[in-house]
$ cat coords_10.txt   # compact mmCIF, C-alpha atoms
# COMPACT_ATOMS: atom_id res chain seq x y z
CA MET A 475 0.00 0.00 0.00
CA THR A 476 2.88 2.36 0.73
CA GLY A 477 4.11 1.80 -2.83
CA LEU A 478 0.73 2.88 -4.20
CA PHE A 479 0.84 6.09 -2.20
CA ASP A 480 4.42 6.77 -3.31
CA SER A 481 3.57 6.20 -6.97
CA THR A 482 0.47 8.41 -6.70
CA SER A 483 2.57 11.17 -5.15
CA GLY A 484 5.02 10.87 -8.03
CA VAL A 485 2.28 11.11 -10.65
CA LEU A 486 0.52 14.10 -9.11
CA GLY A 487 3.39 16.09 -7.64
CA ARG A 488 3.87 16.89 -3.98
CA ARG A 489 1.66 19.99 -3.85
CA LEU A 490 -1.26 18.46 -5.72
CA PHE A 491 -0.87 15.29 -3.67
CA THR A 492 -1.23 17.06 -0.34
CA THR A 493 -3.66 19.84 -1.25
CA THR A 494 -6.08 17.92 -3.44
CA TRP A 495 -5.61 14.15 -3.67
CA VAL A 496 -5.66 13.44 0.07
CA PRO A 497 -8.96 15.34 0.61
CA VAL A 498 -10.43 13.65 -2.48
CA LEU A 499 -9.33 10.26 -1.14
CA VAL A 500 -11.06 10.94 2.18
CA PHE A 501 -14.16 12.13 0.33
CA GLY A 502 -14.17 8.99 -1.80
CA ALA A 503 -13.74 6.79 1.27
CA LEU A 504 -16.72 8.45 2.99
CA VAL A 505 -18.90 8.04 -0.10
CA THR A 506 -17.86 4.37 -0.26
CA VAL A 507 -18.83 3.90 3.38
CA LEU A 508 -22.27 5.39 2.65
CA VAL A 509 -22.81 3.08 -0.31
CA LEU A 510 -21.69 0.02 1.64
CA SER A 511 -23.93 1.02 4.55
CA ALA A 512 -26.89 1.18 2.20
CA THR A 513 -25.95 -2.15 0.60
CA GLY A 514 -25.39 -3.89 3.92
CA TRP A 515 -22.03 -4.58 5.50
CA SER A 516 -22.48 -8.33 5.69
CA LEU A 517 -23.46 -8.57 2.02
CA ALA A 518 -20.61 -6.31 0.98
CA ARG A 519 -18.15 -8.28 3.08
CA GLY A 520 -19.33 -11.53 1.52
CA ARG A 521 -18.89 -10.17 -2.00
CA TRP A 522 -15.41 -8.85 -1.16
CA ASP A 523 -14.34 -12.17 0.32
CA GLY A 524 -15.59 -13.91 -2.81
CA LEU A 525 -13.19 -11.96 -5.02
CA SER A 526 -9.78 -13.31 -5.90
CA ALA A 527 -6.64 -11.49 -4.76
CA ASP A 528 -6.09 -10.16 -8.27
CA LEU A 529 -9.57 -8.70 -8.48
CA ARG A 530 -9.20 -7.11 -5.05
CA GLY A 531 -5.97 -5.49 -6.11
CA LEU A 532 -7.59 -4.32 -9.34
CA ALA A 533 -10.50 -2.80 -7.40
CA ILE A 534 -8.08 -0.86 -5.20
CA VAL A 535 -6.11 0.35 -8.21
CA LEU A 536 -9.31 1.44 -9.97
CA PHE A 537 -10.45 3.31 -6.87
CA LEU A 538 -7.13 5.15 -6.68
CA ALA A 539 -7.25 5.87 -10.42
CA VAL A 540 -10.69 7.43 -10.05
CA THR A 541 -9.46 9.62 -7.19
CA VAL A 542 -6.48 10.73 -9.29
CA LEU A 543 -8.80 11.70 -12.17
CA LEU A 544 -11.07 13.59 -9.78
CA THR A 545 -8.01 15.30 -8.34
CA GLN A 546 -6.94 16.52 -11.76
CA LEU A 547 -10.47 17.69 -12.51
CA LEU A 548 -10.76 19.53 -9.19
CA ALA A 549 -7.36 21.17 -9.70
CA ALA A 550 -8.53 22.39 -13.11
CA VAL A 551 -11.72 23.99 -11.80
CA ARG A 552 -10.29 25.22 -8.48
CA PRO A 553 -9.33 28.68 -9.82
CA GLY A 554 -13.01 29.20 -10.60
CA ILE A 555 -13.97 27.94 -7.15
CA ILE A 556 -11.49 30.36 -5.57
CA ARG A 557 -13.08 33.20 -7.53
CA LEU A 558 -16.43 32.21 -6.04
CA PHE A 559 -14.84 32.24 -2.59
CA GLU A 560 -13.50 35.72 -3.35
CA GLY A 561 -16.96 36.96 -4.25
CA TYR A 562 -16.94 37.33 -8.03
CA TRP A 563 -20.64 36.61 -8.42
CA ASP A 564 -21.47 38.98 -11.28
CA ALA A 565 -22.63 36.20 -13.59
CA VAL A 566 -25.84 35.68 -11.58
CA PRO A 567 -28.13 38.77 -11.26
CA LEU A 568 -29.51 37.79 -7.85
CA LEU A 569 -26.05 37.07 -6.47
CA ARG A 570 -24.83 40.38 -7.92
CA ARG A 571 -27.34 42.25 -5.74
CA ILE A 572 -26.41 40.18 -2.72
CA ALA A 573 -22.74 40.84 -3.42
CA ARG A 574 -23.25 44.61 -3.38
CA ARG A 575 -25.03 44.44 -0.05
CA CYS A 576 -22.38 42.20 1.50
CA ALA A 577 -19.59 44.44 0.22
CA ARG A 578 -21.18 47.48 1.88
CA ARG A 579 -21.56 45.53 5.12
CA LEU A 580 -17.89 44.49 5.13
CA ASP A 581 -16.62 48.04 4.52
CA ASP A 582 -15.57 49.03 8.05
CA PRO A 583 -14.72 52.76 8.29
CA VAL A 584 -12.95 52.26 11.61
CA GLU A 585 -10.75 49.49 10.23
CA ARG A 586 -10.10 51.53 7.09
CA SER A 587 -8.96 54.56 9.08
CA ARG A 588 -6.78 52.49 11.40
CA ARG A 589 -5.29 50.08 8.86
CA PRO A 590 -6.13 51.40 5.37
CA TRP A 591 -4.03 48.75 3.62
CA SER A 592 -6.15 45.94 5.08
CA LEU A 593 -9.19 46.71 2.90
CA PRO A 594 -9.58 47.40 -0.83
CA ALA A 595 -10.72 50.77 -2.09
CA PRO A 596 -14.41 51.32 -1.23
CA GLU A 597 -15.49 51.01 -4.88
CA GLU A 598 -13.64 47.69 -5.18
CA MET A 599 -14.92 45.95 -2.07
CA LEU A 600 -15.92 42.31 -2.54
CA PRO A 601 -18.72 40.51 -0.68
CA THR A 602 -16.43 38.08 1.19
CA ARG A 603 -13.66 38.60 3.70
CA PHE A 604 -11.52 36.08 1.84
CA GLY A 605 -11.77 38.10 -1.36
CA ASN A 606 -11.11 41.44 0.33
CA ILE A 607 -7.93 40.13 1.95
CA ILE A 608 -6.51 39.08 -1.41
CA ARG A 609 -7.71 42.16 -3.30
CA ALA A 610 -6.24 44.48 -0.66
CA ALA A 611 -2.89 42.70 -1.03
CA GLU A 612 -3.01 43.02 -4.82
CA GLN A 613 -3.59 46.77 -4.48
CA GLU A 614 -0.15 47.09 -2.88
CA ALA A 615 1.29 47.29 -6.37
CA ARG A 616 -0.59 50.53 -7.02
CA ARG A 617 1.62 52.39 -4.56
CA TYR A 618 4.38 52.14 -7.11
CA GLY A 619 2.28 52.66 -10.23
CA MET A 620 2.08 48.94 -11.02
CA ASP A 621 -0.89 46.81 -12.05
CA ALA A 622 -0.73 43.59 -10.03
CA ALA A 623 -2.58 41.40 -12.53
CA THR A 624 -0.19 42.36 -15.34
CA ALA A 625 3.02 42.55 -13.34
CA TRP A 626 2.68 39.48 -11.13
CA PRO A 627 3.35 36.73 -13.74
CA ARG A 628 6.46 38.61 -14.85
CA LEU A 629 7.65 39.42 -11.33
CA TYR A 630 7.15 35.90 -10.00
CA VAL A 631 9.76 34.33 -12.28
CA THR A 632 12.39 36.76 -10.96
CA LEU A 633 11.72 36.18 -7.26
CA PRO A 634 14.39 34.46 -5.13
CA GLU A 635 13.97 30.75 -4.50
CA THR A 636 13.65 31.25 -0.75
CA PHE A 637 10.69 33.55 -1.34
CA THR A 638 8.95 31.33 -3.89
CA THR A 639 9.31 28.38 -1.51
CA HIS A 640 7.43 30.25 1.21
CA PHE A 641 4.91 31.59 -1.29
CA ALA A 642 4.20 28.11 -2.67
CA ALA A 643 3.57 26.89 0.88
CA ALA A 644 1.13 29.76 1.52
CA ALA A 645 -0.64 29.17 -1.79
CA GLY A 646 -0.82 25.45 -0.99
CA ALA A 647 -2.49 26.23 2.34
CA VAL A 648 -5.12 28.29 0.51
CA ASP A 649 -5.67 25.50 -2.04
CA LEU A 650 -6.03 22.88 0.70
CA ALA A 651 -8.52 24.91 2.70
CA VAL A 652 -10.62 25.72 -0.38
CA THR A 653 -10.58 22.07 -1.42
CA ILE A 654 -11.72 20.88 2.01
CA SER A 655 -14.46 23.50 2.16
CA SER A 656 -15.70 22.65 -1.34
CA LEU A 657 -15.73 18.90 -0.75
CA GLY A 658 -17.52 19.47 2.55
CA ALA A 659 -20.28 21.34 0.73
CA VAL A 660 -20.55 18.62 -1.92
CA PHE A 661 -20.72 15.90 0.73
CA ALA A 662 -23.42 17.79 2.64
CA VAL A 663 -25.59 17.87 -0.49
CA VAL A 664 -24.73 14.56 -2.18
CA GLY A 665 -24.05 12.50 0.91
CA GLY A 666 -26.97 13.99 2.80
CA GLY A 667 -29.30 13.43 -0.15
CA PHE A 668 -28.18 9.82 -0.66
CA ALA A 669 -28.46 9.06 3.04
CA ALA A 670 -31.95 10.57 3.16
CA VAL A 671 -33.06 8.07 0.48
CA ALA A 672 -31.12 4.94 1.44
CA LEU A 673 -30.38 5.26 5.18
CA PRO A 674 -32.20 6.24 8.38
CA TRP A 675 -32.98 9.93 8.93
CA TYR A 676 -30.24 10.42 11.50
CA ALA A 677 -27.62 9.28 8.97
CA ALA A 678 -28.81 12.00 6.60
CA ALA A 679 -28.61 14.54 9.42
CA TYR A 680 -25.06 13.45 10.28
CA CYS A 681 -23.95 13.64 6.65
CA ALA A 682 -25.54 17.02 5.99
CA GLY A 683 -24.40 18.47 9.31
CA GLY A 684 -20.90 17.03 9.09
CA GLY A 685 -20.47 18.24 5.52
CA ALA A 686 -21.73 21.73 6.39
CA LEU A 687 -19.41 21.91 9.41
CA THR A 688 -16.46 20.82 7.28
CA CYS A 689 -17.36 23.44 4.68
CA TRP A 690 -17.47 26.18 7.32
CA LEU A 691 -14.24 25.12 9.00
CA GLY A 692 -12.52 24.91 5.63
CA HIS A 693 -13.71 28.42 4.78
CA GLN A 694 -12.40 29.77 8.08
CA ALA A 695 -9.06 28.09 7.40
CA ALA A 696 -9.03 29.62 3.91
CA VAL A 697 -9.51 33.10 5.36
CA ARG A 698 -6.61 32.60 7.78
CA ALA A 699 -4.43 31.18 5.02
CA ALA A 700 -5.31 34.13 2.78
CA VAL A 701 -3.81 36.52 5.36
CA ALA A 702 -0.36 34.92 5.07
CA TYR A 703 -0.76 34.59 1.30
CA GLY A 704 -1.67 38.26 0.98
CA GLU A 705 1.24 39.40 3.11
CA LEU A 706 3.64 37.58 0.81
CA ILE A 707 2.09 39.28 -2.22
CA ARG A 708 2.68 42.63 -0.50
CA THR A 709 6.23 41.63 0.31
CA ALA A 710 6.94 40.66 -3.29
CA PHE A 711 5.98 44.12 -4.55
CA ASP A 712 7.48 46.04 -1.63
CA VAL A 713 10.84 44.29 -1.53
CA HIS A 714 11.48 42.54 -4.85
CA ARG A 715 9.83 44.64 -7.57
CA TRP A 716 13.16 46.05 -8.75
CA LEU A 717 14.36 42.54 -9.57
CA LEU A 718 11.95 42.75 -12.50
CA LEU A 719 13.61 45.95 -13.72
CA ASP A 720 17.01 44.27 -13.41
CA ALA A 721 15.79 41.24 -15.35
CA MET A 722 14.53 43.50 -18.15
CA GLY A 723 17.79 45.43 -18.24
CA LEU A 724 16.18 48.73 -17.24
CA THR A 725 17.66 51.27 -14.86
CA ARG A 726 16.24 51.68 -11.38
CA PRO A 727 14.47 54.99 -10.64
CA THR A 728 15.84 57.53 -8.17
CA GLY A 729 12.55 58.58 -6.58
CA LEU A 730 8.98 57.49 -5.94
CA ASN A 731 7.43 59.78 -8.56
CA ALA A 732 9.97 58.66 -11.15
CA GLU A 733 9.25 55.03 -10.27
CA ARG A 734 5.52 55.48 -10.69
CA GLU A 735 5.98 57.07 -14.09
CA GLN A 736 8.42 54.36 -15.14
CA TRP A 737 6.07 51.53 -14.20
CA ARG A 738 3.16 53.31 -15.87
CA GLN A 739 5.02 53.44 -19.16
CA ILE A 740 6.21 49.85 -18.80
CA HIS A 741 2.59 48.77 -18.36
CA GLN A 742 1.61 50.78 -21.41
CA VAL A 743 4.12 48.75 -23.41
CA TRP A 744 2.89 45.48 -21.90
CA GLN A 745 -0.77 46.24 -22.46
CA ARG A 746 -0.79 48.38 -25.64
CA GLY A 747 2.59 47.67 -27.22
CA VAL A 748 3.88 51.26 -27.06
CA PRO A 749 4.48 53.89 -24.35
CA ASP A 750 2.64 57.18 -24.30
CA ALA A 751 3.70 59.62 -27.00
CA GLY A 752 6.98 61.30 -26.09
CA GLN A 753 7.37 59.27 -22.88
CA ALA A 754 9.63 56.45 -24.09
CA HIS A 755 12.55 57.94 -22.13
CA LEU A 756 10.68 57.11 -18.91
CA LEU A 757 10.96 53.36 -19.59
CA GLY A 758 14.45 53.41 -18.10
CA TYR A 759 16.63 52.04 -20.87
CA PRO A 760 20.29 52.51 -19.93
CA PRO A 761 22.16 55.07 -22.06
CA ALA A 762 24.34 53.80 -24.87
CA SER A 763 28.06 53.88 -24.14
CA GLY A 764 29.55 57.31 -24.84
CA GLN A 765 26.17 58.96 -25.36
CA GLN A 766 24.06 61.26 -23.28
CA SER A 767 21.45 59.49 -21.16
CA ASP A 768 18.21 59.76 -23.11
CA GLN A 769 16.70 56.80 -21.19
CA GLY A 770 15.63 54.86 -24.27
CA GLN A 771 14.26 57.73 -26.36
CA VAL A 772 13.39 56.18 -29.71
CA PRO A 773 14.36 58.08 -32.88
CA SER A 774 11.56 59.65 -34.81
CA THR A 775 10.62 58.07 -38.12
$ encode --input "coords_10.txt" --output "structure tokens"
Amino acid sequence: MTGLFDSTSGVLGRRLFTTTWVPVLVFGALVTVLVLSATGWSLARGRWDGLSADLRGLAIVLFLAVTVLLTQLLAAVRPGIIRLFEGYWDAVPLLRRIARRCARRLDDPVERSRRPWSLPAPEEMLPTRFGNIIRAAEQEARRYGMDAATAWPRLYVTLPETFTTHFAAAAGAVDLAVTISSLGAVFAVVGGGFAAVALPWYAAAYCAGGGALTCWLGHQAAVRAAVAYGELIRTAFDVHRWLLLDAMGLTRPTGLNAEREQWRQIHQVWQRGVPDAGQAHLLGYPPASGQQSDQGQVPST
């Protein structure tokens, strides 16, 4: 059995193994217990004993294969699930109205005045605490004239290995908590519904209640994990943003205003393909040897 776990870990990768496959395995085991309880333990035991050793081994391998496939599927849809956790509910009109009300409720003027960096701008508040923690961290880039969504993929590949190791651990904690919360919700609905049909009423209550409790605890864990995750996002922009300039071969600015203008023009190139008219010198290209520093001014054509 240890060999099966080792081989599964090798197929999935360590992070996916711990953050997704293990919760899926537990979920699958609980669903199996429900099905066997409805079938009857004595009947199920008799059928299992009647199988040959090869068929038993094949059944175990098939069970693990199904959990691996479900793990890959869950990993593929998890970014969308995380967006739901954050509060991006605009696709559904009713949820959009609820989202606006929740966002207004979460906007705490006292907290904003005491720790303004802990909440997004009022017009960008999201309806969940989880989402506001992450959005507030992403807004850190604006202090320097950067757009987090555009800059982050480029900045991440320049970050030191020690930082990315800690960031991967924080991101893994968020993934694990979201996975547990999501599977808890699914078990409350699916497991509770199945138990209500095939098992006594108290089994349905246990399944629905246990799944709901797991969902809530997972959500609380996700919120706590998002705090550490968000702090590392802030740290990346506060401490390591100039590594991106170094990697691009651009000169570092000498002041905050100059930095904001430089990043604004860099983003113009990233997003539109060209800087603003007459502002190419703000990109920060180093001067050519033996020439005056024109900071990358392009010749007119």
$ atom_distance --input "coords_10.txt" --atom1 "atom CA of A:Thr545" --atom2 "atom CA of A:Ala642"
18.6 Å
$ closest_residue --input "coords_10.txt" --among "A:His741, A:Arg698, A:Arg575, A:Arg708" --to "A:Asp621" --atoms "all atoms listed in the file"
A:His741
$ residues_around --input "coords_10.txt" --residues "stretch 577-579 of chain A" --least-positions-apart "5" --cutoff "12 Å" --atoms "all atoms listed in the file" --output "JSON, numbers by chain"
{"A": [560, 561, 562, 563, 569, 570, 571, 572, 593, 594, 595, 596, 597, 598, 599, 600, 601, 602, 603, 604, 605, 606]}
$ atom_distance --input "coords_10.txt" --atom1 "atom CA of A:Ala762" --atom2 "atom CA of A:Asp720"
16.6 Å
$ closest_residue --input "coords_10.txt" --among "A:Gly531, A:Val648, A:Glu635, A:Arg519" --to "A:Thr493" --atoms "only C-alpha atoms"
A:Val648
$ closest_residue --input "coords_10.txt" --among "A:Arg521, A:Arg552, A:Arg628, A:Arg557" --to "A:Trp716" --atoms "all atoms listed in the file"
A:Arg628
$ closest_residue --input "coords_10.txt" --among "A:Val551, A:Gly665, A:Val671, A:Ala622" --to "A:Ala610" --atoms "only C-alpha atoms"
A:Ala622
$ atom_distance --input "coords_10.txt" --atom1 "atom CA of A:Ala573" --atom2 "atom CA of A:Ala696"
19.2 Å
$ residues_around --input "coords_10.txt" --residues "A:Gly667" --least-positions-apart "3" --cutoff "12 Å" --atoms "all atoms listed in the file" --output "MDAnalysis selection string"
chainID A and resid 505 508 660:664 670:675 677:683 685
$ write_last_selection --input "coords_10.txt" --atoms "C-alpha atoms" --output "PDB file, in the frame of the given file"
ATOM      1  CA  VAL A 505     -18.900   8.040  -0.100  1.00  0.00           C
ATOM      2  CA  LEU A 508     -22.270   5.390   2.650  1.00  0.00           C
ATOM      3  CA  VAL A 660     -20.550  18.620  -1.920  1.00  0.00           C
ATOM      4  CA  PHE A 661     -20.720  15.900   0.730  1.00  0.00           C
ATOM      5  CA  ALA A 662     -23.420  17.790   2.640  1.00  0.00           C
ATOM      6  CA  VAL A 663     -25.590  17.870  -0.490  1.00  0.00           C
ATOM      7  CA  VAL A 664     -24.730  14.560  -2.180  1.00  0.00           C
ATOM      8  CA  ALA A 670     -31.950  10.570   3.160  1.00  0.00           C
ATOM      9  CA  VAL A 671     -33.060   8.070   0.480  1.00  0.00           C
ATOM     10  CA  ALA A 672     -31.120   4.940   1.440  1.00  0.00           C
ATOM     11  CA  LEU A 673     -30.380   5.260   5.180  1.00  0.00           C
ATOM     12  CA  PRO A 674     -32.200   6.240   8.380  1.00  0.00           C
ATOM     13  CA  TRP A 675     -32.980   9.930   8.930  1.00  0.00           C
ATOM     14  CA  ALA A 677     -27.620   9.280   8.970  1.00  0.00           C
ATOM     15  CA  ALA A 678     -28.810  12.000   6.600  1.00  0.00           C
ATOM     16  CA  ALA A 679     -28.610  14.540   9.420  1.00  0.00           C
ATOM     17  CA  TYR A 680     -25.060  13.450  10.280  1.00  0.00           C
ATOM     18  CA  CYS A 681     -23.950  13.640   6.650  1.00  0.00           C
ATOM     19  CA  ALA A 682     -25.540  17.020   5.990  1.00  0.00           C
ATOM     20  CA  GLY A 683     -24.400  18.470   9.310  1.00  0.00           C
ATOM     21  CA  GLY A 685     -20.470  18.240   5.520  1.00  0.00           C
TER      22      GLY A 685
END
$ closest_residue --input "coords_10.txt" --among "A:Ala751, A:Leu730, A:Ile654, A:Val697" --to "A:Val500" --atoms "all atoms listed in the file"
A:Ile654
$ closest_residue --input "coords_10.txt" --among "A:His640, A:Arg489, A:Arg726, A:Arg574" --to "A:Ala710" --atoms "all atoms listed in the file"
A:His640
$ axis_aligned_box --input "coords_10.txt" --around "stretch 710-727 of chain A" --padding-each-side "6 Å" --output "JSON"
{"center_x": 11.9, "center_y": 47.8, "center_z": -9.9, "size_x": 23.8, "size_y": 26.3, "size_z": 28.7}
$ decode --input "coords_10.txt" --residues "stretch 580-658 of chain A" --atoms "C-alpha atoms" --output "mmCIF file, in the first residue's frame"
data_model
loop_
_atom_site.group_PDB
_atom_site.id
_atom_site.type_symbol
_atom_site.label_atom_id
_atom_site.label_comp_id
_atom_site.auth_asym_id
_atom_site.auth_seq_id
_atom_site.Cartn_x
_atom_site.Cartn_y
_atom_site.Cartn_z
ATOM 1 C CA LEU A 580 -17.888 44.490 5.130
ATOM 2 C CA ASP A 581 -16.619 48.040 4.517
ATOM 3 C CA ASP A 582 -15.571 49.027 8.050
ATOM 4 C CA PRO A 583 -14.720 52.763 8.288
ATOM 5 C CA VAL A 584 -12.946 52.258 11.615
ATOM 6 C CA GLU A 585 -10.748 49.493 10.229
ATOM 7 C CA ARG A 586 -10.103 51.527 7.094
ATOM 8 C CA SER A 587 -8.963 54.561 9.077
ATOM 9 C CA ARG A 588 -6.782 52.489 11.402
ATOM 10 C CA ARG A 589 -5.286 50.077 8.860
ATOM 11 C CA PRO A 590 -6.131 51.404 5.371
ATOM 12 C CA TRP A 591 -4.032 48.755 3.621
ATOM 13 C CA SER A 592 -6.154 45.937 5.080
ATOM 14 C CA LEU A 593 -9.192 46.711 2.900
ATOM 15 C CA PRO A 594 -9.580 47.398 -0.825
ATOM 16 C CA ALA A 595 -10.719 50.772 -2.088
ATOM 17 C CA PRO A 596 -14.410 51.320 -1.231
ATOM 18 C CA GLU A 597 -15.495 51.012 -4.878
ATOM 19 C CA GLU A 598 -13.642 47.692 -5.180
ATOM 20 C CA MET A 599 -14.923 45.945 -2.068
ATOM 21 C CA LEU A 600 -15.916 42.311 -2.538
ATOM 22 C CA PRO A 601 -18.718 40.512 -0.677
ATOM 23 C CA THR A 602 -16.427 38.081 1.192
ATOM 24 C CA ARG A 603 -13.662 38.604 3.702
ATOM 25 C CA PHE A 604 -11.524 36.081 1.839
ATOM 26 C CA GLY A 605 -11.774 38.096 -1.363
ATOM 27 C CA ASN A 606 -11.111 41.436 0.327
ATOM 28 C CA ILE A 607 -7.930 40.128 1.953
ATOM 29 C CA ILE A 608 -6.510 39.077 -1.408
ATOM 30 C CA ARG A 609 -7.708 42.163 -3.299
ATOM 31 C CA ALA A 610 -6.236 44.479 -0.662
ATOM 32 C CA ALA A 611 -2.893 42.702 -1.035
ATOM 33 C CA GLU A 612 -3.012 43.025 -4.820
ATOM 34 C CA GLN A 613 -3.586 46.772 -4.478
ATOM 35 C CA GLU A 614 -0.152 47.091 -2.877
ATOM 36 C CA ALA A 615 1.290 47.294 -6.372
ATOM 37 C CA ARG A 616 -0.589 50.531 -7.016
ATOM 38 C CA ARG A 617 1.620 52.391 -4.559
ATOM 39 C CA TYR A 618 4.377 52.139 -7.115
ATOM 40 C CA GLY A 619 2.285 52.658 -10.234
ATOM 41 C CA MET A 620 2.077 48.938 -11.021
ATOM 42 C CA ASP A 621 -0.887 46.815 -12.055
ATOM 43 C CA ALA A 622 -0.734 43.593 -10.028
ATOM 44 C CA ALA A 623 -2.581 41.400 -12.530
ATOM 45 C CA THR A 624 -0.193 42.356 -15.339
ATOM 46 C CA ALA A 625 3.024 42.546 -13.341
ATOM 47 C CA TRP A 626 2.682 39.480 -11.131
ATOM 48 C CA PRO A 627 3.354 36.726 -13.738
ATOM 49 C CA ARG A 628 6.463 38.607 -14.851
ATOM 50 C CA LEU A 629 7.645 39.424 -11.331
ATOM 51 C CA TYR A 630 7.150 35.902 -9.999
ATOM 52 C CA VAL A 631 9.758 34.328 -12.278
ATOM 53 C CA THR A 632 12.392 36.759 -10.959
ATOM 54 C CA LEU A 633 11.720 36.179 -7.257
ATOM 55 C CA PRO A 634 14.387 34.460 -5.130
ATOM 56 C CA GLU A 635 13.969 30.750 -4.503
ATOM 57 C CA THR A 636 13.646 31.246 -0.749
ATOM 58 C CA PHE A 637 10.688 33.551 -1.337
ATOM 59 C CA THR A 638 8.951 31.333 -3.890
ATOM 60 C CA THR A 639 9.307 28.376 -1.513
ATOM 61 C CA HIS A 640 7.429 30.245 1.207
ATOM 62 C CA PHE A 641 4.914 31.590 -1.292
ATOM 63 C CA ALA A 642 4.203 28.107 -2.670
ATOM 64 C CA ALA A 643 3.568 26.888 0.882
ATOM 65 C CA ALA A 644 1.134 29.761 1.524
ATOM 66 C CA ALA A 645 -0.636 29.173 -1.791
ATOM 67 C CA GLY A 646 -0.820 25.453 -0.990
ATOM 68 C CA ALA A 647 -2.486 26.234 2.338
ATOM 69 C CA VAL A 648 -5.123 28.290 0.513
ATOM 70 C CA ASP A 649 -5.669 25.505 -2.037
ATOM 71 C CA LEU A 650 -6.029 22.878 0.698
ATOM 72 C CA ALA A 651 -8.524 24.915 2.704
ATOM 73 C CA VAL A 652 -10.622 25.724 -0.384
ATOM 74 C CA THR A 653 -10.578 22.072 -1.422
ATOM 75 C CA ILE A 654 -11.717 20.876 2.005
ATOM 76 C CA SER A 655 -14.460 23.496 2.161
ATOM 77 C CA SER A 656 -15.701 22.647 -1.344
ATOM 78 C CA LEU A 657 -15.732 18.899 -0.747
ATOM 79 C CA GLY A 658 -17.524 19.467 2.550
#
